[in-house]
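K.L.:
Hey, dropping structure24.cif in here, mmCIF, C-alpha atoms:
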```cif
data_upload
loop_
_atom_site.group_PDB
_atom_site.id
_atom_site.type_symbol
_atom_site.label_atom_id
_atom_site.label_comp_id
_atom_site.auth_asym_id
_atom_site.auth_seq_id
_atom_site.Cartn_x
_atom_site.Cartn_y
_atom_site.Cartn_z
ATOM 1 C CA MET A 248 15.569 7.871 17.537
ATOM 2 C CA ALA A 249 12.657 7.253 15.227
ATOM 3 C CA GLN A 250 12.666 5.201 12.084
ATOM 4 C CA ALA A 251 12.561 7.679 9.223
ATOM 5 C CA TYR A 252 12.369 8.003 5.450
ATOM 6 C CA PHE A 253 13.036 10.751 2.945
ATOM 7 C CA ILE A 254 10.266 11.137 0.358
ATOM 8 C CA SER A 255 11.494 12.275 -3.048
ATOM 9 C CA GLY A 256 9.814 12.291 -6.435
ATOM 10 C CA THR A 257 10.366 12.020 -10.142
ATOM 11 C CA ASP A 258 9.423 15.687 -10.611
ATOM 12 C CA THR A 259 7.242 18.512 -9.354
ATOM 13 C CA ASP A 260 3.553 17.596 -9.004
ATOM 14 C CA CYS A 261 4.217 13.857 -8.985
ATOM 15 C CA GLY A 262 2.216 13.591 -5.758
ATOM 16 C CA LYS A 263 4.819 13.549 -2.979
ATOM 17 C CA THR A 264 2.493 15.104 -0.404
ATOM 18 C CA HIS A 265 -0.449 12.912 -1.394
ATOM 19 C CA SER A 266 1.772 9.848 -1.120
ATOM 20 C CA THR A 267 3.234 10.968 2.199
ATOM 21 C CA VAL A 268 -0.275 11.418 3.615
ATOM 22 C CA LYS A 269 -1.168 7.890 2.505
ATOM 23 C CA LEU A 270 1.990 6.543 4.162
ATOM 24 C CA ILE A 271 1.134 8.417 7.372
ATOM 25 C CA GLN A 272 -2.333 6.884 7.391
ATOM 26 C CA GLN A 273 -0.990 3.394 6.714
ATOM 27 C CA LEU A 274 1.573 3.634 9.513
ATOM 28 C CA GLN A 275 -0.964 5.101 11.927
ATOM 29 C CA ALA A 276 -3.245 2.149 11.215
ATOM 30 C CA GLN A 277 -0.370 -0.049 12.407
ATOM 31 C CA GLY A 278 -0.270 1.842 15.693
ATOM 32 C CA GLN A 279 2.760 3.985 14.878
ATOM 33 C CA ARG A 280 3.224 7.564 16.115
ATOM 34 C CA VAL A 281 4.075 9.326 12.837
ATOM 35 C CA LEU A 282 5.369 12.871 12.383
ATOM 36 C CA ALA A 283 6.037 14.610 9.079
ATOM 37 C CA MET A 284 8.488 17.245 7.950
ATOM 38 C CA LYS A 285 8.627 19.397 4.845
ATOM 39 C CA PRO A 286 11.815 21.392 5.435
ATOM 40 C CA VAL A 287 11.450 23.700 2.442
ATOM 41 C CA ALA A 288 8.142 24.830 0.949
ATOM 42 C CA SER A 289 7.472 27.516 -1.640
ATOM 43 C CA GLY A 290 4.133 28.712 -2.966
ATOM 44 C CA CYS A 291 2.718 29.883 0.362
ATOM 45 C CA ARG A 292 -0.213 32.167 1.187
ATOM 46 C CA ARG A 293 0.537 35.128 3.428
ATOM 47 C CA LEU A 294 -2.021 35.790 6.145
ATOM 48 C CA PRO A 295 -2.724 39.335 7.406
ATOM 49 C CA ASP A 296 -0.434 38.714 10.402
ATOM 50 C CA GLY A 297 2.422 37.734 8.067
ATOM 51 C CA THR A 298 2.196 33.990 8.675
ATOM 52 C CA LEU A 299 3.012 31.892 5.607
ATOM 53 C CA ILE A 300 0.644 28.974 4.989
ATOM 54 C CA ASN A 301 1.586 26.182 2.596
ATOM 55 C CA ASP A 302 -1.086 23.769 1.345
ATOM 56 C CA ASP A 303 1.269 20.760 1.421
ATOM 57 C CA VAL A 304 2.304 21.535 4.994
ATOM 58 C CA GLU A 305 -1.348 21.874 5.990
ATOM 59 C CA ARG A 306 -2.181 18.482 4.487
ATOM 60 C CA LEU A 307 0.695 16.874 6.372
ATOM 61 C CA CYS A 308 -0.407 18.561 9.615
ATOM 62 C CA ALA A 309 -3.987 17.370 9.126
ATOM 63 C CA ALA A 310 -2.811 13.792 8.614
ATOM 64 C CA SER A 311 -0.259 13.675 11.434
ATOM 65 C CA GLY A 312 -1.968 15.913 13.978
ATOM 66 C CA GLN A 313 1.009 18.263 14.192
ATOM 67 C CA HIS A 314 0.568 21.926 15.099
ATOM 68 C CA ASP A 315 4.096 23.373 15.140
ATOM 69 C CA ARG A 316 4.507 24.491 11.541
ATOM 70 C CA ALA A 317 7.771 26.274 12.273
ATOM 71 C CA LEU A 318 9.299 23.046 13.565
ATOM 72 C CA MET A 319 8.159 20.819 10.714
ATOM 73 C CA SER A 320 8.695 23.378 7.937
ATOM 74 C CA PRO A 321 11.417 25.871 8.894
ATOM 75 C CA TYR A 322 11.773 27.377 5.413
ATOM 76 C CA ARG A 323 8.554 28.633 3.807
ATOM 77 C CA PHE A 324 8.422 31.121 0.945
ATOM 78 C CA GLU A 325 5.593 32.969 -0.733
ATOM 79 C CA PRO A 326 6.451 32.761 -4.463
ATOM 80 C CA ALA A 327 5.531 29.516 -6.213
ATOM 81 C CA ILE A 328 8.996 29.157 -7.713
ATOM 82 C CA SER A 329 12.069 26.972 -7.218
ATOM 83 C CA PRO A 330 13.159 27.105 -3.564
ATOM 84 C CA HIS A 331 16.636 28.424 -4.377
ATOM 85 C CA LEU A 332 15.122 31.404 -6.183
ATOM 86 C CA ALA A 333 12.512 31.994 -3.472
ATOM 87 C CA ALA A 334 15.152 31.846 -0.736
ATOM 88 C CA ALA A 335 17.421 34.259 -2.612
ATOM 89 C CA GLU A 336 14.555 36.727 -3.104
ATOM 90 C CA ALA A 337 13.769 36.535 0.611
ATOM 91 C CA GLY A 338 17.415 37.020 1.564
ATOM 92 C CA VAL A 339 17.448 33.653 3.343
ATOM 93 C CA GLU A 340 20.229 31.082 3.286
ATOM 94 C CA ILE A 341 18.925 27.528 3.694
ATOM 95 C CA SER A 342 21.025 25.788 6.354
ATOM 96 C CA LEU A 343 21.315 22.005 6.444
ATOM 97 C CA GLU A 344 22.281 22.127 10.124
ATOM 98 C CA HIS A 345 19.146 24.128 10.957
ATOM 99 C CA ILE A 346 17.015 21.512 9.188
ATOM 100 C CA LEU A 347 18.860 18.695 10.977
ATOM 101 C CA GLN A 348 18.171 20.315 14.360
ATOM 102 C CA HIS A 349 14.456 20.433 13.572
ATOM 103 C CA TYR A 350 14.509 16.830 12.338
ATOM 104 C CA ARG A 351 16.171 15.623 15.544
ATOM 105 C CA GLN A 352 13.464 17.273 17.641
ATOM 106 C CA LEU A 353 10.759 15.506 15.643
ATOM 107 C CA ALA A 354 12.582 12.176 15.700
ATOM 108 C CA ALA A 355 12.813 12.296 19.485
ATOM 109 C CA ASP A 356 9.008 12.346 19.743
ATOM 110 C CA ALA A 357 7.904 9.832 17.102
ATOM 111 C CA ASP A 358 8.074 6.216 16.037
ATOM 112 C CA VAL A 359 8.405 7.220 12.382
ATOM 113 C CA VAL A 360 9.326 10.516 10.698
ATOM 114 C CA LEU A 361 8.597 11.129 7.013
ATOM 115 C CA VAL A 362 10.616 13.969 5.490
ATOM 116 C CA GLU A 363 9.195 15.249 2.217
ATOM 117 C CA GLY A 364 11.503 16.924 -0.269
ATOM 118 C CA ALA A 365 10.726 19.643 -2.801
ATOM 119 C CA GLY A 366 10.572 18.991 -6.537
ATOM 120 C CA GLY A 367 12.808 16.192 -7.783
ATOM 121 C CA TRP A 368 16.111 14.753 -6.601
ATOM 122 C CA PHE A 369 18.281 17.532 -8.026
ATOM 123 C CA ALA A 370 15.929 20.442 -7.252
ATOM 124 C CA PRO A 371 18.209 23.265 -6.019
ATOM 125 C CA LEU A 372 17.951 24.787 -2.552
ATOM 126 C CA SER A 373 20.799 27.245 -3.149
ATOM 127 C CA ASP A 374 23.711 27.678 -5.532
ATOM 128 C CA ALA A 375 25.551 24.975 -3.579
ATOM 129 C CA LEU A 376 22.759 22.741 -2.245
ATOM 130 C CA SER A 377 20.109 20.513 -3.751
ATOM 131 C CA ILE A 378 17.568 18.032 -2.457
ATOM 132 C CA GLN A 379 20.243 15.375 -2.886
ATOM 133 C CA GLU A 380 22.532 17.068 -0.344
ATOM 134 C CA LEU A 381 19.605 17.427 2.063
ATOM 135 C CA ALA A 382 18.828 13.704 1.854
ATOM 136 C CA GLN A 383 22.514 12.860 2.263
ATOM 137 C CA ALA A 384 22.806 15.086 5.343
ATOM 138 C CA LEU A 385 19.775 13.430 6.922
ATOM 139 C CA ALA A 386 21.189 10.005 5.966
ATOM 140 C CA LEU A 387 17.735 8.497 5.537
ATOM 141 C CA PRO A 388 16.495 5.727 3.230
ATOM 142 C CA VAL A 389 14.651 7.238 0.269
ATOM 143 C CA ILE A 390 11.163 6.445 -0.986
ATOM 144 C CA LEU A 391 10.655 7.569 -4.587
ATOM 145 C CA VAL A 392 7.219 8.758 -5.684
ATOM 146 C CA VAL A 393 6.647 8.053 -9.370
ATOM 147 C CA GLY A 394 4.006 10.208 -11.043
ATOM 148 C CA MET A 395 2.394 7.666 -13.366
ATOM 149 C CA LYS A 396 2.111 9.354 -16.775
ATOM 150 C CA LEU A 397 3.734 9.289 -20.186
ATOM 151 C CA GLY A 398 7.520 9.474 -19.679
ATOM 152 C CA CYS A 399 7.451 8.134 -16.129
ATOM 153 C CA ILE A 400 9.671 5.134 -16.863
ATOM 154 C CA ASN A 401 12.585 7.309 -17.944
ATOM 155 C CA HIS A 402 12.056 9.764 -15.066
ATOM 156 C CA ALA A 403 11.833 6.957 -12.526
ATOM 157 C CA ARG A 404 14.908 5.100 -13.751
ATOM 158 C CA LEU A 405 17.014 8.263 -13.864
ATOM 159 C CA SER A 406 15.872 9.251 -10.374
ATOM 160 C CA ALA A 407 16.530 5.798 -8.938
ATOM 161 C CA GLN A 408 19.984 5.729 -10.531
ATOM 162 C CA ALA A 409 20.814 9.184 -9.122
ATOM 163 C CA ILE A 410 19.601 8.266 -5.635
ATOM 164 C CA GLN A 411 21.749 5.150 -5.529
ATOM 165 C CA ALA A 412 24.758 6.929 -7.059
ATOM 166 C CA SER A 413 24.569 9.487 -4.248
ATOM 167 C CA GLY A 414 25.125 6.759 -1.676
ATOM 168 C CA CYS A 415 21.567 6.910 -0.359
ATOM 169 C CA GLU A 416 19.502 3.762 0.046
ATOM 170 C CA LEU A 417 16.454 3.461 -2.210
ATOM 171 C CA ALA A 418 14.025 1.769 0.175
ATOM 172 C CA GLY A 419 11.131 1.527 -2.257
ATOM 173 C CA TRP A 420 8.835 3.431 -4.577
ATOM 174 C CA ILE A 421 5.215 4.513 -4.850
ATOM 175 C CA ALA A 422 3.175 4.455 -8.057
ATOM 176 C CA ASN A 423 0.875 7.485 -7.943
ATOM 177 C CA ARG A 424 -1.624 7.947 -10.783
ATOM 178 C CA VAL A 425 -1.477 11.648 -11.659
ATOM 179 C CA VAL A 426 -3.581 11.421 -14.813
ATOM 180 C CA ALA A 427 -7.055 9.931 -15.114
ATOM 181 C CA ASP A 428 -6.312 7.568 -17.972
ATOM 182 C CA GLN A 429 -2.671 6.765 -18.670
ATOM 183 C CA PRO A 430 -2.395 4.657 -21.824
ATOM 184 C CA ARG A 431 -1.068 1.172 -21.049
ATOM 185 C CA TYR A 432 -0.967 1.866 -17.314
ATOM 186 C CA ALA A 433 -0.657 -1.793 -16.337
ATOM 187 C CA GLU A 434 2.175 -2.352 -18.797
ATOM 188 C CA ASN A 435 4.024 0.735 -17.548
ATOM 189 C CA LEU A 436 3.621 -0.427 -13.953
ATOM 190 C CA ALA A 437 4.927 -3.894 -14.851
ATOM 191 C CA THR A 438 7.974 -2.370 -16.549
ATOM 192 C CA LEU A 439 8.732 -0.229 -13.511
ATOM 193 C CA LYS A 440 8.401 -3.228 -11.187
ATOM 194 C CA GLN A 441 10.913 -5.051 -13.361
ATOM 195 C CA CYS A 442 13.481 -2.294 -13.808
ATOM 196 C CA LEU A 443 13.465 -0.321 -10.556
ATOM 197 C CA PRO A 444 15.945 -1.706 -8.007
ATOM 198 C CA ALA A 445 13.559 -1.494 -5.037
ATOM 199 C CA PRO A 446 10.095 -2.819 -4.127
ATOM 200 C CA LEU A 447 6.768 -1.177 -4.935
ATOM 201 C CA LEU A 448 5.394 -0.013 -1.574
ATOM 202 C CA LEU A 449 2.069 1.557 -2.573
ATOM 203 C CA GLU A 450 -0.045 1.853 -5.698
ATOM 204 C CA LEU A 451 -2.272 4.921 -5.432
ATOM 205 C CA PRO A 452 -5.299 5.422 -7.703
ATOM 206 C CA TRP A 453 -6.294 8.572 -9.550
ATOM 207 C CA GLU A 454 -8.414 10.698 -7.193
ATOM 208 C CA GLY A 455 -9.186 13.703 -9.412
#
```
Would you kindly transcribe this structure into structure tokens?
P.N.:
Amino acid sequence: MAQAYFISGTDTDCGKTHSTVKLIQQLQAQGQRVLAMKPVASGCRRLPDGTLINDDVERLCAASGQHDRALMSPYRFEPAISPHLAAAEAGVEISLEHILQHYRQLAADADVVLVEGAGGWFAPLSDALSIQELAQALALPVILVVGMKLGCINHARLSAQAIQASGCELAGWIANRVVADQPRYAENLATLKQCLPAPLLLELPWEG
């Protein structure tokens, strides 16, 4: 089975997909065969033939060279709303076992699999499931993407605490600049390095 990581984030729009693409590129440069998975994606475009296209999934496919969208992203929904609401509107029940089956297929054909979550650690997938339960079911080490902006220290510390309290391993974190000019960026980064209980893996610049 492949080495694998679960990519979570401090909140929506913290740059999970951008960070996952950068990780894919870094691992590929080391000669690794990397596949990505985004099990649940909302905010899709519907093509005339009914196919649902998600921009995050497309970016992951472009980086990894994957073509089987149904395998890497089994649950895609049109409305740009919380996945549990989108799934309920579509009359779909998100199944952890179904996601695990897809993950195992990917893991059998890769050196590394990166599984990107949706929203933050407690983002709901149904009335009974959240991203936390998905990560626990996969039993993967977690990489936390921190959207570097005002308030990120609190968000990052709470997320790291929740990840560890769930029994999941926090393998490391990524500092992703989501605003062009965060006041005291260097000082915020230094504080996070000091207080987060895992190493900084990547520091990603603002790209506009």
K.L.:
With only C-alpha atoms as the counted atoms, please give the residues lying no more than 9 Å from Cys415 in chain A, apart from itself and same-chain residues fewer than 3 positions off, as a list of chain:residue names.
P.N.:
A:Gln379, A:Ala382, A:Gln383, A:Ala386, A:Leu387, A:Pro388, A:Val389, A:Ile410, A:Gln411, A:Ala412
K.L.:
Of the candidates A:Lys263, A:Val362, A:Arg292, A:Thr257, which one gets nearest to Arg404 in chain A if we count all atoms listed in the file?
P.N.:
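For Arg404 in chain A, the nearest of the given residues is A:Thr257.
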K.L.:
Name the residues captured by the PyMOL selection byres ((chain A and resi 299) around 12) when it is applied to the shown file; answer as an mmCIF file with C-alpha atoms, in the coordinates of the input.
P.N.:
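Resulting contents of part-v8.cif:
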```
data_model
loop_
_atom_site.group_PDB
_atom_site.id
_atom_site.type_symbol
_atom_site.label_atom_id
_atom_site.label_comp_id
_atom_site.auth_asym_id
_atom_site.auth_seq_id
_atom_site.Cartn_x
_atom_site.Cartn_y
_atom_site.Cartn_z
ATOM 1 C CA ALA A 288 8.142 24.830 0.949
ATOM 2 C CA SER A 289 7.472 27.516 -1.640
ATOM 3 C CA GLY A 290 4.133 28.712 -2.966
ATOM 4 C CA CYS A 291 2.718 29.883 0.362
ATOM 5 C CA ARG A 292 -0.213 32.167 1.187
ATOM 6 C CA ARG A 293 0.537 35.128 3.428
ATOM 7 C CA LEU A 294 -2.021 35.790 6.145
ATOM 8 C CA PRO A 295 -2.724 39.335 7.406
ATOM 9 C CA ASP A 296 -0.434 38.714 10.402
ATOM 10 C CA GLY A 297 2.422 37.734 8.067
ATOM 11 C CA THR A 298 2.196 33.990 8.675
ATOM 12 C CA ILE A 300 0.644 28.974 4.989
ATOM 13 C CA ASN A 301 1.586 26.182 2.596
ATOM 14 C CA ASP A 302 -1.086 23.769 1.345
ATOM 15 C CA VAL A 304 2.304 21.535 4.994
ATOM 16 C CA GLU A 305 -1.348 21.874 5.990
ATOM 17 C CA ARG A 316 4.507 24.491 11.541
ATOM 18 C CA ALA A 317 7.771 26.274 12.273
ATOM 19 C CA SER A 320 8.695 23.378 7.937
ATOM 20 C CA PRO A 321 11.417 25.871 8.894
ATOM 21 C CA TYR A 322 11.773 27.377 5.413
ATOM 22 C CA ARG A 323 8.554 28.633 3.807
ATOM 23 C CA PHE A 324 8.422 31.121 0.945
ATOM 24 C CA GLU A 325 5.593 32.969 -0.733
ATOM 25 C CA PRO A 326 6.451 32.761 -4.463
#
```
K.L.:
Quick one: apply the PyMOL selection byres ((chain A and resi 265) around 12) to the file and drop the selected residues here as an MDAnalysis selection string.
P.N.:
chainID A and resid 254 256 260:264 266:272 302:307 309:310 363 392:394 421:425 449:455
K.L.:
Applied to this file, what does the PyMOL selection byres ((chain A and resi 429) around 12) return in terms of residues, put as a list in words?
P.N.:
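The output of the PyMOL selection byres ((chain A and resi 429) around 12) on this file is Gly394, Met395, Lys396, Leu397, Gly398, Cys399, Asn423, Arg424, Val425, Val426, Ala427, Asp428, Pro430, Arg431, Tyr432, Ala433, Glu434, Asn435, Leu436, Pro452 and Trp453 of chain A.
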K.L.:
Rounded to one decimal in Å, what is the spacing between CA of Ala276 in chain A and CA of Asp356 in chain A?
P.N.:
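That distance, rounded to one decimal, is 18.1 Å.
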K.L.:
Here is a test: counting all atoms listed in the file, which residue of A:Arg280, A:Leu439, A:Leu391, A:Ala334 is nearest to Glu416 in chain A?
P.N.:
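Among A:Arg280, A:Leu439, A:Leu391, A:Ala334, it is A:Leu391 that comes nearest to Glu416 in chain A.
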K.L.:
Would you give me, as a Markdown table, each residue of range 399-452 of chain A having an atom within 10 Å of an atom of range 366-373 of chain A, along with its shortest atom pair and that distance in Å to one decimal, using all atoms listed in the file and sorting by chain and residue number?
P.N.:
```
| residue | atom | partner | partner_atom | distance |
| --- | --- | --- | --- | --- |
| A:His402 | CA | A:Gly367 | CA | 9.7 |
| A:Leu405 | CA | A:Trp368 | CA | 9.8 |
| A:Ser406 | CA | A:Trp368 | CA | 6.7 |
| A:Ala407 | CA | A:Trp368 | CA | 9.3 |
| A:Ala409 | CA | A:Trp368 | CA | 7.7 |
| A:Ile410 | CA | A:Trp368 | CA | 7.4 |
```
K.L.:
In Å, rounded to a single decimal, give me how far CA of Gly419 in chain A is from CA of Ala355 in chain A.
P.N.:
24.3 Å
K.L.:
Would you mind reading off the distance between CA of Ala437 in chain A and CA of Ile378 in chain A, one decimal, in Å?
P.N.:
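Result for CA of Ala437 in chain A versus CA of Ile378 in chain A: 28.2 Å, one decimal.
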K.L.:
Rank A:Ala445, A:Ala418, A:Leu343, A:Leu274 by their smallest atom-to-atom distance to Ser377 in chain A, using all atoms listed in the file, and report the top residue only.
P.N.:
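Of the candidates, the smallest distance to Ser377 in chain A is held by A:Leu343.
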K.L.:
Ranking A:Glu336, A:Ala365, A:Asp374, A:Ala384 by minimum distance to Gln348 in chain A and counting all atoms listed in the file, which one comes first?
P.N.:
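Residue with the minimum atom-to-atom distance to Gln348 in chain A: A:Ala384.
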